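What follows is the content of coords-v3.cif (mmCIF, C-alpha atoms and all ligand atoms).
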```cif
data_entry
#
loop_
_atom_site.label_atom_id
_atom_site.label_comp_id
_atom_site.auth_asym_id
_atom_site.auth_seq_id
_atom_site.Cartn_x
_atom_site.Cartn_y
_atom_site.Cartn_z
CA MET A 1 -4.20 28.65 -28.88
CA ASP A 2 -0.51 27.84 -28.65
CA THR A 3 -0.39 24.05 -28.64
CA LEU A 4 2.62 24.11 -26.30
CA THR A 5 0.72 25.91 -23.55
CA ALA A 6 -2.65 24.27 -24.14
CA PRO A 7 -2.02 21.21 -21.94
CA SER A 8 -1.00 23.27 -18.92
CA LEU A 9 -3.99 25.56 -19.36
CA ALA A 10 -6.20 22.48 -19.47
CA LEU A 11 -4.55 21.23 -16.29
CA ASP A 12 -5.07 24.60 -14.59
CA ALA A 13 -8.76 24.06 -15.21
CA LEU A 14 -8.46 20.75 -13.36
CA VAL A 15 -6.12 21.48 -10.47
CA GLN A 16 -5.53 24.73 -8.62
CA PRO A 17 -3.34 25.06 -5.51
CA ASP A 18 -6.38 24.89 -3.24
CA ARG A 19 -8.90 22.82 -5.21
CA ALA A 20 -9.33 20.06 -7.80
CA ARG A 21 -12.07 19.37 -10.31
CA THR A 22 -14.55 16.60 -9.49
CA THR A 23 -13.81 14.94 -12.85
CA LEU A 24 -10.44 13.83 -11.43
CA TYR A 25 -12.46 11.06 -9.79
CA THR A 26 -14.75 10.25 -12.73
CA ASP A 27 -13.15 10.87 -16.13
CA PRO A 28 -11.95 7.61 -17.78
CA ALA A 29 -9.71 9.53 -20.20
CA LEU A 30 -7.92 11.23 -17.30
CA PHE A 31 -7.50 7.84 -15.65
CA GLU A 32 -5.88 6.42 -18.79
CA ALA A 33 -3.57 9.42 -18.99
CA GLU A 34 -2.50 9.31 -15.35
CA MET A 35 -1.73 5.58 -15.45
CA LYS A 36 0.95 6.46 -18.00
CA LYS A 37 2.01 9.98 -17.07
CA VAL A 38 1.99 9.52 -13.32
CA PHE A 39 2.64 5.84 -12.64
CA GLU A 40 5.09 5.25 -15.48
CA ASN A 41 7.08 8.38 -14.76
CA THR A 42 7.79 8.16 -11.08
CA TRP A 43 9.11 5.76 -8.45
CA VAL A 44 6.35 3.34 -7.44
CA TRP A 45 6.55 1.23 -4.29
CA VAL A 46 6.43 -2.49 -5.11
CA ALA A 47 7.54 -4.44 -2.03
CA HIS A 48 9.05 -4.51 1.42
CA ALA A 49 12.39 -6.34 1.53
CA SER A 50 11.03 -8.77 4.13
CA GLU A 51 8.44 -10.03 1.65
CA ILE A 52 11.23 -11.54 -0.48
CA PRO A 53 14.02 -12.27 2.01
CA ARG A 54 15.76 -15.22 0.28
CA PRO A 55 17.05 -15.93 -3.24
CA GLY A 56 14.17 -17.13 -5.41
CA ASP A 57 11.50 -15.38 -3.33
CA PHE A 58 9.07 -13.37 -5.43
CA LYS A 59 5.78 -11.50 -5.32
CA THR A 60 3.59 -10.12 -8.06
CA ALA A 61 2.50 -6.49 -8.09
CA GLN A 62 1.57 -3.73 -10.53
CA VAL A 63 3.13 -0.47 -11.61
CA GLY A 64 0.13 1.51 -12.75
CA LEU A 65 -1.76 -1.03 -14.84
CA GLN A 66 1.30 -3.05 -15.83
CA PRO A 67 1.69 -6.41 -14.05
CA VAL A 68 5.18 -6.96 -12.61
CA ILE A 69 7.12 -9.60 -10.70
CA VAL A 70 9.41 -8.54 -7.86
CA VAL A 71 12.06 -11.23 -7.38
CA ARG A 72 15.33 -11.75 -5.56
CA ASP A 73 17.89 -13.56 -7.74
CA ARG A 74 20.51 -16.11 -6.68
CA LYS A 75 22.97 -13.35 -5.80
CA GLY A 76 20.42 -11.53 -3.68
CA VAL A 77 19.79 -8.74 -6.22
CA VAL A 78 16.17 -7.60 -6.48
CA HIS A 79 14.68 -7.36 -9.98
CA VAL A 80 11.31 -6.05 -11.09
CA HIS A 81 10.20 -7.57 -14.39
CA VAL A 82 7.15 -6.87 -16.48
CA ASN A 83 5.02 -9.99 -16.08
CA ARG A 84 4.62 -10.60 -19.81
CA CYS A 85 6.10 -13.34 -21.92
CA ARG A 86 8.20 -12.08 -24.83
CA HIS A 87 6.58 -14.67 -27.13
CA ARG A 88 2.89 -13.80 -27.24
CA ALA A 89 2.32 -11.83 -24.05
CA ALA A 90 0.95 -14.33 -21.52
CA THR A 91 1.84 -13.62 -17.89
CA VAL A 92 4.65 -15.90 -16.78
CA CYS A 93 3.50 -15.90 -13.14
CA GLU A 94 0.01 -15.80 -11.66
CA VAL A 95 0.90 -16.56 -8.04
CA SER A 96 0.84 -13.65 -5.60
CA LYS A 97 3.87 -14.82 -3.61
CA GLY A 98 6.26 -17.76 -3.55
CA LYS A 99 9.69 -19.17 -4.22
CA THR A 100 10.98 -20.41 -7.56
CA SER A 101 14.10 -21.03 -9.60
CA SER A 102 12.62 -19.75 -12.88
CA PHE A 103 9.47 -18.43 -14.50
CA VAL A 104 7.97 -20.71 -17.13
CA CYS A 105 5.27 -19.37 -19.42
CA PRO A 106 2.26 -21.70 -19.33
CA TYR A 107 1.38 -21.16 -23.01
CA HIS A 108 4.37 -22.47 -25.05
CA GLY A 109 6.82 -23.05 -22.24
CA TRP A 110 9.38 -20.29 -22.71
CA SER A 111 11.37 -20.15 -19.50
CA TYR A 112 13.10 -17.21 -17.88
CA ALA A 113 15.80 -17.07 -15.21
CA LEU A 114 15.28 -14.98 -12.07
CA ASP A 115 17.26 -12.13 -13.64
CA GLY A 116 14.74 -12.14 -16.51
CA SER A 117 16.97 -13.67 -19.20
CA LEU A 118 15.27 -16.07 -21.63
CA ARG A 119 16.79 -19.51 -21.06
CA GLY A 120 14.64 -22.15 -22.69
CA VAL A 121 12.41 -22.30 -25.78
CA PRO A 122 10.68 -25.66 -26.41
CA TYR A 123 11.10 -27.16 -29.93
CA GLU A 124 13.59 -24.43 -30.73
CA LYS A 125 14.50 -26.08 -34.06
CA GLY A 126 11.31 -24.65 -35.57
CA TYR A 127 13.00 -21.22 -35.55
CA ASP A 128 15.83 -22.50 -37.79
CA GLY A 129 18.40 -20.74 -35.61
CA ASP A 130 16.69 -17.33 -36.15
CA LEU A 131 15.73 -16.76 -32.55
CA ASP A 132 18.46 -14.91 -30.64
CA LYS A 133 17.39 -15.60 -27.07
CA SER A 134 19.57 -12.81 -25.71
CA GLN A 135 17.21 -10.34 -27.43
CA TYR A 136 14.13 -11.49 -25.54
CA PRO A 137 14.55 -11.15 -21.78
CA LEU A 138 11.58 -10.12 -19.65
CA LEU A 139 11.39 -6.33 -19.67
CA SER A 140 12.97 -5.01 -16.47
CA LEU A 141 12.35 -1.84 -14.53
CA ARG A 142 14.93 0.18 -12.65
CA VAL A 143 14.93 -0.81 -8.96
CA GLU A 144 16.15 1.00 -5.85
CA GLU A 145 15.62 0.43 -2.13
CA TYR A 146 15.48 2.72 0.87
CA ASN A 147 15.37 1.31 4.42
CA GLY A 148 13.61 -1.86 3.28
CA LEU A 149 11.17 -0.12 0.94
CA ILE A 150 11.65 -1.33 -2.64
CA PHE A 151 10.59 0.96 -5.48
CA ALA A 152 10.67 0.54 -9.25
CA THR A 153 10.37 2.85 -12.21
CA PHE A 154 10.17 2.55 -15.98
CA ARG A 155 12.31 5.68 -16.30
CA ARG A 156 16.07 5.19 -16.68
CA ASP A 157 16.70 8.93 -16.41
CA LEU A 158 14.60 9.65 -13.34
CA MET A 159 16.27 11.13 -10.25
CA PRO A 160 17.68 8.56 -7.79
CA LEU A 161 15.13 7.17 -5.32
CA SER A 162 16.84 8.87 -2.41
CA ASP A 163 16.36 12.30 -4.06
CA PHE A 164 12.75 11.46 -4.91
CA LEU A 165 12.03 10.56 -1.29
CA GLY A 166 13.94 13.65 -0.12
CA GLY A 167 12.26 15.06 2.98
CA ALA A 168 10.33 11.80 3.49
CA ARG A 169 13.50 9.78 4.25
CA LYS A 170 13.74 11.06 7.80
CA TRP A 171 10.13 9.99 8.39
CA ILE A 172 10.69 6.55 6.87
CA ASP A 173 13.59 6.07 9.31
CA LEU A 174 11.36 7.13 12.21
CA PHE A 175 8.56 4.84 11.00
CA MET A 176 10.90 1.83 10.94
CA LYS A 177 11.74 2.33 14.62
CA GLN A 178 8.57 0.41 15.41
CA GLY A 179 10.72 -2.67 14.98
CA GLY A 180 11.66 -1.95 18.61
CA GLY A 181 15.29 -2.87 17.89
CA PHE A 182 14.38 -5.65 15.44
CA PRO A 183 14.07 -5.32 11.67
CA ILE A 184 10.53 -4.66 10.46
CA ARG A 185 8.84 -7.53 8.69
CA THR A 186 5.49 -7.84 7.02
CA GLN A 187 3.17 -10.28 8.77
CA GLY A 188 0.26 -10.79 6.46
CA GLU A 189 -2.14 -8.52 4.63
CA HIS A 190 -5.73 -8.29 3.64
CA ARG A 191 -7.11 -6.69 0.54
CA PHE A 192 -10.36 -5.08 -0.36
CA ARG A 193 -11.69 -3.15 -3.29
CA PHE A 194 -13.83 -0.08 -3.19
CA PRO A 195 -15.82 1.31 -6.11
CA GLY A 196 -14.02 4.63 -6.22
CA ASN A 197 -11.06 6.47 -7.69
CA TRP A 198 -7.56 5.83 -6.29
CA LYS A 199 -7.00 9.50 -5.44
CA ILE A 200 -9.87 9.42 -2.94
CA GLN A 201 -7.80 6.93 -0.97
CA LEU A 202 -4.57 8.84 -1.60
CA GLU A 203 -6.14 11.91 0.02
CA ASN A 204 -7.20 9.98 3.09
CA THR A 205 -3.83 8.99 4.54
CA THR A 206 -3.07 12.51 5.74
CA ASP A 207 -6.66 13.55 6.41
CA ALA A 208 -7.03 14.02 10.17
CA TYR A 209 -10.17 16.09 9.67
CA HIS A 210 -12.33 12.96 9.16
CA PHE A 211 -10.87 11.04 12.08
CA PRO A 212 -13.06 12.06 15.06
CA LEU A 213 -16.14 11.97 12.81
CA VAL A 214 -15.83 8.87 10.65
CA HIS A 215 -14.07 6.90 13.37
CA LYS A 216 -16.46 7.66 16.18
CA SER A 217 -17.37 3.98 16.49
CA PHE A 218 -13.67 3.09 16.85
CA LEU A 219 -13.24 5.74 19.53
CA THR A 220 -16.35 4.57 21.34
CA ALA A 221 -15.32 0.90 21.22
CA ALA A 222 -11.73 1.56 22.35
CA ASP A 223 -10.57 1.71 25.97
CA SER A 224 -10.43 5.19 27.52
CA GLU A 225 -6.64 5.40 27.21
CA THR A 226 -6.76 4.68 23.49
CA GLU A 227 -9.63 7.10 23.07
CA GLU A 228 -7.61 9.78 24.84
CA SER A 229 -4.49 9.14 22.75
CA TRP A 230 -6.57 9.48 19.56
CA ASP A 231 -7.94 12.87 20.57
CA ILE A 232 -5.73 14.16 17.78
CA MET A 233 -7.45 17.46 17.05
CA ASN A 234 -6.18 18.90 20.33
CA LYS A 235 -2.62 17.65 20.55
CA GLY A 236 -0.59 20.20 18.63
CA GLY A 237 -0.10 17.89 15.65
CA TYR A 238 0.53 19.13 12.14
CA VAL A 239 0.65 18.20 8.46
CA GLU A 240 3.74 18.93 6.41
CA ASP A 241 4.34 18.88 2.66
CA LEU A 242 7.61 16.94 2.22
CA GLY A 243 8.04 17.66 -1.49
CA ASN A 244 7.46 15.47 -4.60
CA GLY A 245 3.86 14.79 -3.50
CA HIS A 246 4.82 13.22 -0.16
CA SER A 247 3.39 14.43 3.14
CA VAL A 248 3.33 13.58 6.81
CA MET A 249 0.52 14.03 9.31
CA VAL A 250 1.74 14.07 12.90
CA MET A 251 -1.20 13.09 15.10
CA MET A 252 0.62 12.35 18.36
CA PRO A 253 3.79 14.44 18.60
CA GLU A 254 4.96 12.42 21.65
CA LEU A 255 5.08 9.31 19.44
CA VAL A 256 7.18 10.68 16.59
CA ASP A 257 10.46 9.16 17.81
CA LEU A 258 9.86 5.83 19.53
CA GLU A 259 13.33 5.83 21.02
CA GLU A 260 12.67 8.99 22.98
CA ASN A 261 10.76 9.15 26.29
CA LEU A 262 11.46 5.53 27.10
CA ASP A 263 10.98 6.43 30.76
CA ALA A 264 7.34 7.45 30.20
CA PRO A 265 4.84 5.32 32.15
CA ILE A 266 3.74 2.16 30.34
CA PRO A 267 0.09 2.58 29.31
CA GLU A 268 -2.39 0.41 31.21
CA LYS A 269 -3.40 -1.40 28.02
CA PHE A 270 0.19 -2.68 27.57
CA LYS A 271 0.81 -3.68 31.21
CA ALA A 272 0.05 -7.38 30.60
CA LEU A 273 2.32 -7.41 27.55
CA ALA A 274 5.09 -5.70 29.52
CA ALA A 275 4.78 -8.29 32.30
CA GLU A 276 5.02 -11.13 29.78
CA LEU A 277 8.06 -9.57 28.10
CA ALA A 278 9.72 -8.94 31.47
CA GLU A 279 10.04 -12.70 31.95
CA GLU A 280 12.76 -12.75 29.30
CA HIS A 281 13.97 -9.19 28.79
CA ASP A 282 15.53 -6.42 30.86
CA GLU A 283 13.47 -3.36 31.70
CA MET A 284 14.83 -1.03 29.02
CA THR A 285 14.25 -3.68 26.32
CA VAL A 286 10.70 -4.19 27.57
CA ARG A 287 10.04 -0.46 27.47
CA ARG A 288 11.51 -0.16 23.99
CA ILE A 289 9.43 -3.04 22.61
CA VAL A 290 6.20 -1.95 24.30
CA ARG A 291 6.58 1.56 22.93
CA ALA A 292 7.21 0.17 19.46
CA VAL A 293 4.19 -2.15 19.60
CA GLY A 294 1.75 0.77 19.61
CA GLY A 295 3.26 2.17 16.38
CA VAL A 296 4.26 5.71 15.56
CA GLY A 297 2.06 8.75 16.05
CA PHE A 298 2.10 9.82 12.40
CA ASN A 299 0.94 8.84 8.91
CA LEU A 300 3.38 9.23 6.05
CA ASN A 301 2.01 9.40 2.53
CA LEU A 302 4.49 8.46 -0.20
CA PHE A 303 3.18 9.58 -3.56
CA PRO A 304 1.67 7.86 -5.44
CA ASN A 305 0.85 4.53 -3.82
CA LEU A 306 2.17 3.85 -0.32
CA GLY A 307 0.85 5.01 3.04
CA CYS A 308 3.07 4.27 6.05
CA SER A 309 0.20 4.65 8.41
CA ALA A 310 0.91 4.55 12.18
CA ALA A 311 1.63 0.80 12.35
CA PHE A 312 0.91 -0.67 8.90
CA PHE A 313 1.38 -0.14 5.18
CA ARG A 314 -1.56 0.88 3.06
CA VAL A 315 -0.91 0.08 -0.58
CA LEU A 316 -3.23 1.40 -3.22
CA GLN A 317 -3.65 -0.10 -6.63
CA PRO A 318 -5.76 1.67 -9.25
CA ILE A 319 -7.83 -0.76 -11.33
CA ALA A 320 -10.25 1.51 -13.20
CA VAL A 321 -11.38 5.10 -12.86
CA ASP A 322 -13.93 3.98 -10.26
CA ASP A 323 -12.27 0.84 -8.92
CA THR A 324 -9.34 0.65 -6.50
CA GLU A 325 -7.73 -2.18 -4.59
CA VAL A 326 -6.36 -1.43 -1.14
CA ARG A 327 -4.00 -3.70 0.79
CA HIS A 328 -3.44 -3.29 4.48
CA VAL A 329 -0.13 -4.89 5.34
CA ALA A 330 0.44 -5.73 9.00
CA LEU A 331 3.97 -5.16 10.29
CA GLY A 332 5.88 -6.95 13.00
CA MET A 333 9.33 -7.46 14.44
CA GLU A 334 11.58 -9.95 12.65
CA GLY A 335 12.92 -12.26 15.35
CA GLY A 336 11.04 -10.22 17.97
CA PRO A 337 9.05 -11.64 20.88
CA ALA A 338 5.97 -13.61 19.79
CA ALA A 339 3.88 -11.75 22.38
CA ALA A 340 4.79 -8.40 20.79
CA ASN A 341 4.00 -9.55 17.26
CA ARG A 342 0.72 -11.06 18.44
CA GLU A 343 -0.26 -7.80 20.12
CA ARG A 344 0.53 -5.87 16.94
CA LEU A 345 -1.75 -8.15 14.94
CA ARG A 346 -4.59 -7.65 17.43
CA ILE A 347 -4.21 -3.85 17.20
CA HIS A 348 -4.14 -4.11 13.40
CA GLU A 349 -7.31 -6.22 13.33
CA PHE A 350 -9.11 -3.89 15.68
CA PHE A 351 -8.87 -0.94 13.30
CA GLN A 352 -7.86 -2.22 9.85
CA GLY A 353 -9.35 -5.70 9.86
CA PRO A 354 -12.36 -6.59 7.69
CA MET A 355 -14.39 -6.74 10.90
CA GLY A 356 -12.44 -3.86 12.43
CA PHE A 357 -13.74 -0.57 13.73
CA GLY A 358 -11.84 1.70 11.33
CA SER A 359 -11.38 0.63 7.73
CA PRO A 360 -14.99 -0.38 6.97
CA ASP A 361 -16.05 3.15 7.95
CA ASP A 362 -13.37 4.67 5.72
CA ALA A 363 -14.45 2.48 2.80
CA GLU A 364 -18.06 3.60 3.27
CA VAL A 365 -17.20 7.30 2.94
CA TRP A 366 -14.89 6.68 -0.04
CA ASP A 367 -17.83 4.94 -1.77
CA ARG A 368 -19.96 7.94 -0.95
CA VAL A 369 -17.42 10.34 -2.51
CA GLN A 370 -17.43 8.40 -5.79
CA HIS A 371 -21.22 8.23 -5.79
CA GLY A 372 -21.60 11.93 -4.98
CA ALA A 373 -19.02 12.87 -7.62
CA GLN A 374 -21.49 11.70 -10.29
CA GLY A 375 -23.31 14.93 -9.46
CA GLY A 376 -21.99 18.44 -10.05
CA ARG A 377 -19.03 17.36 -12.14
CA ASP A 378 -18.17 20.98 -12.90
CA LEU A 379 -17.79 21.75 -9.22
CA TRP A 380 -14.51 21.90 -7.38
CA VAL A 381 -13.41 19.55 -4.63
CA LEU A 382 -12.13 21.90 -1.91
CA LEU A 383 -8.61 21.43 -0.59
CA ASN A 384 -8.16 24.77 1.15
CA ARG A 385 -8.49 23.79 4.79
CA GLY A 386 -5.62 25.21 6.86
CA LEU A 387 -4.21 27.19 3.94
CA SER A 388 -4.58 30.61 5.56
CA HIS A 389 -2.32 29.71 8.49
CA GLU A 390 0.09 27.49 6.54
CA GLU A 391 3.72 28.44 7.19
CA VAL A 392 6.80 27.88 5.07
CA ARG A 393 9.56 26.32 7.15
CA GLU A 394 13.30 26.95 6.86
CA ASP A 395 13.69 23.84 4.70
CA GLY A 396 10.99 25.15 2.37
CA HIS A 397 8.36 22.65 3.54
CA ARG A 398 4.84 23.95 4.04
CA ARG A 399 3.25 23.11 7.36
CA SER A 400 -0.19 23.66 8.81
CA ASP A 401 -2.34 22.29 11.64
CA VAL A 402 -3.12 18.58 11.93
CA SER A 403 -6.49 18.82 10.20
CA ALA A 404 -5.22 20.94 7.28
CA GLU A 405 -5.48 19.68 3.72
CA THR A 406 -1.78 20.38 3.14
CA GLY A 407 -1.09 16.73 2.25
CA MET A 408 -3.75 16.74 -0.45
CA ARG A 409 -2.45 20.01 -1.87
CA ALA A 410 1.03 18.44 -2.02
CA ALA A 411 -0.25 15.31 -3.79
CA TYR A 412 -2.30 17.20 -6.38
CA ALA A 413 0.57 19.60 -7.10
CA GLN A 414 2.78 16.58 -7.87
CA TRP A 415 -0.01 14.97 -9.93
CA LYS A 416 -0.21 18.15 -11.98
CA ARG A 417 3.58 18.36 -12.46
CA LEU A 418 3.66 14.79 -13.76
CA MET A 419 0.59 15.21 -15.96
CA GLU A 420 2.12 18.37 -17.43
CA ALA A 421 5.51 16.84 -18.18
S1 LIG B 1 3.06 -16.80 -24.89
FE1 LIG B 1 4.65 -17.40 -23.58
S2 LIG B 1 5.53 -19.08 -24.56
FE2 LIG B 1 4.00 -18.44 -25.94
FE FE B 2 -9.95 6.87 8.32
#
```
Just give me the structure of the file as structure tokens.
Amino acid sequence: MDTLTAPSLALDALVQPDRARTTLYTDPALFEAEMKKVFENTWVWVAHASEIPRPGDFKTAQVGLQPVIVVRDRKGVVHVHVNRCRHRAATVCEVSKGKTSSFVCPYHGWSYALDGSLRGVPYEKGYDGDLDKSQYPLLSLRVEEYNGLIFATFRRDLMPLSDFLGGARKWIDLFMKQGGGFPIRTQGEHRFRFPGNWKIQLENTTDAYHFPLVHKSFLTAADSETEESWDIMNKGGYVEDLGNGHSVMVMMPELVDLEENLDAPIPEKFKALAAELAEEHDEMTVRRIVRAVGGVGFNLNLFPNLGCSAAFFRVLQPIAVDDTEVRHVALGMEGGPAAANRERLRIHEFFQGPMGFGSPDDAEVWDRVQHGAQGGRDLWVLLNRGLSHEEVREDGHRRSDVSAETGMRAAYAQWKRLMEA
């Protein structure tokens, strides 16, 4: 066999336009390969700008399996450094979030400035002048930002972030309108791990098919208005492939643009909030904020690791072939009314919280997928739902009904392109 074509033939055996092999969830060798070929060859989301608003603010994250530090330097420039001392590889930061003026390695005390440059080496005389500190900065990734979303990549020659996001940019802009006129800020997160492959979670963000089934307890526990608004199978929603592995699932078309329909009646469930806001704000401002509080009516999946899901971020972090960490990041309004931010947290807890009515049910079925995938490893995972009536739009995007598996097809096509490269 021609060795040049062999890898793509092997990948054809793993991913077809309408199906993927079960071993994509279970094969440790594939996991190793995708951590390099996928995560080290694309833009990976690492932070929201509001997580590191001031000089010296930092957070730790990962790009694939590599630990990184996301930090804002004295001039306000964001850097993403590999969290690895240039002496003998210890991490230089083990705190998840904070503020600092430098990073000092705990092992032998090498210290690095916020821009990554090596500044101090204890007992430097022992190197007899041989150590050129300018040659040993922390390794830095390329960093770009779009509408508050900060991404990093190891690739210097990769397309600009804005091209990578492409058709998703419009949806990011719409998503950020849930600031209700204020900038979006993160307001806390909770993490959990599930014993399953990261792609099981990746598939889920634009999977409406499971919603009325897995989330029956959420629908039953919610008030009748909420239950009605989540009757998403009958609302004319759709899923669209936005290119480069990204996709959007529109569940409630009337809540795509939060600045439209401001005259619509205020839902009963937000009447008390509206009354509280009306004490300090004019009617249009109240309507704008109330509409924003409920979040947008769509989920946006940004390949490979960020879901902008209705009213929160879902960040996925692969750990091992059958181990994934998920973070649910609550969002609020920077400088917005306390009552609005409080209400957003309550909505977040109700579905996403550890005791919520949504996420624990999702986690249960993801576990079940990983467990079931131990059987019938030669079988295909089917991704063909909605394919027969999928249409190609003028802009080239493929679109099908809300419960179609168009988003998964988009993600696996991008996975295959990166694995092939
Ligand atoms: S490993 Fe960092 S100073 Fe030695
Ligand atoms: Fe779900």
*How would you write, as a list in words, the set of residues no farther than 9 Å from ligand FE 2 (chain B) when counting only C-alpha atoms and all ligand atoms?*
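Checking only C-alpha atoms and all ligand atoms against ligand FE 2 (chain B) at 9 Å gives Asn204, Thr205, Asp207, Ala208, His210, Phe211, Val214, His215, Gly358, Ser359, Pro360, Asp361, Asp362 and Ala363 of chain A.
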*Taking only C-alpha atoms and all ligand atoms into account, which residues are within 12 Å of ligand LIG 1 (chain B), as a PyMOL selection string?*
chain A and resi 83-93+103-112+118-124+136-138
*Pull the neighbourhood of (-4.2, 1.9, -2.4) for me: all residues within 8 Å in file coordinates, counting only C-alpha atoms, as a PyMOL selection string.*
chain A and resi 198+201-202+305-306+314-318+324-327
*asked:* Just to confirm, what's the straight-line distance from CA of Val392 (chain A) to CA of Met233 (chain A) in Å (one decimal)?
replied: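 CA of Met233 (chain A) lies 21.3 Å from CA of Val392 (chain A).
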*A:Tyr209, A:Tyr25, A:Trp45, A:Trp366 ranked by distance to Val143 (chain A), top pick (using all atoms listed in the file)*: A:Trp45
*asked:* If we count only C-alpha atoms and set the cut-off at 7 Å, which residues sit around Leu258 (chain A), ignoring sequence neighbours fewer than 3 positions away in its own chain? Please answer as a list of chain:residue names.
replied: A:Lys177, A:Gln178, A:Leu255, A:Arg291, A:Ala292, A:Val296
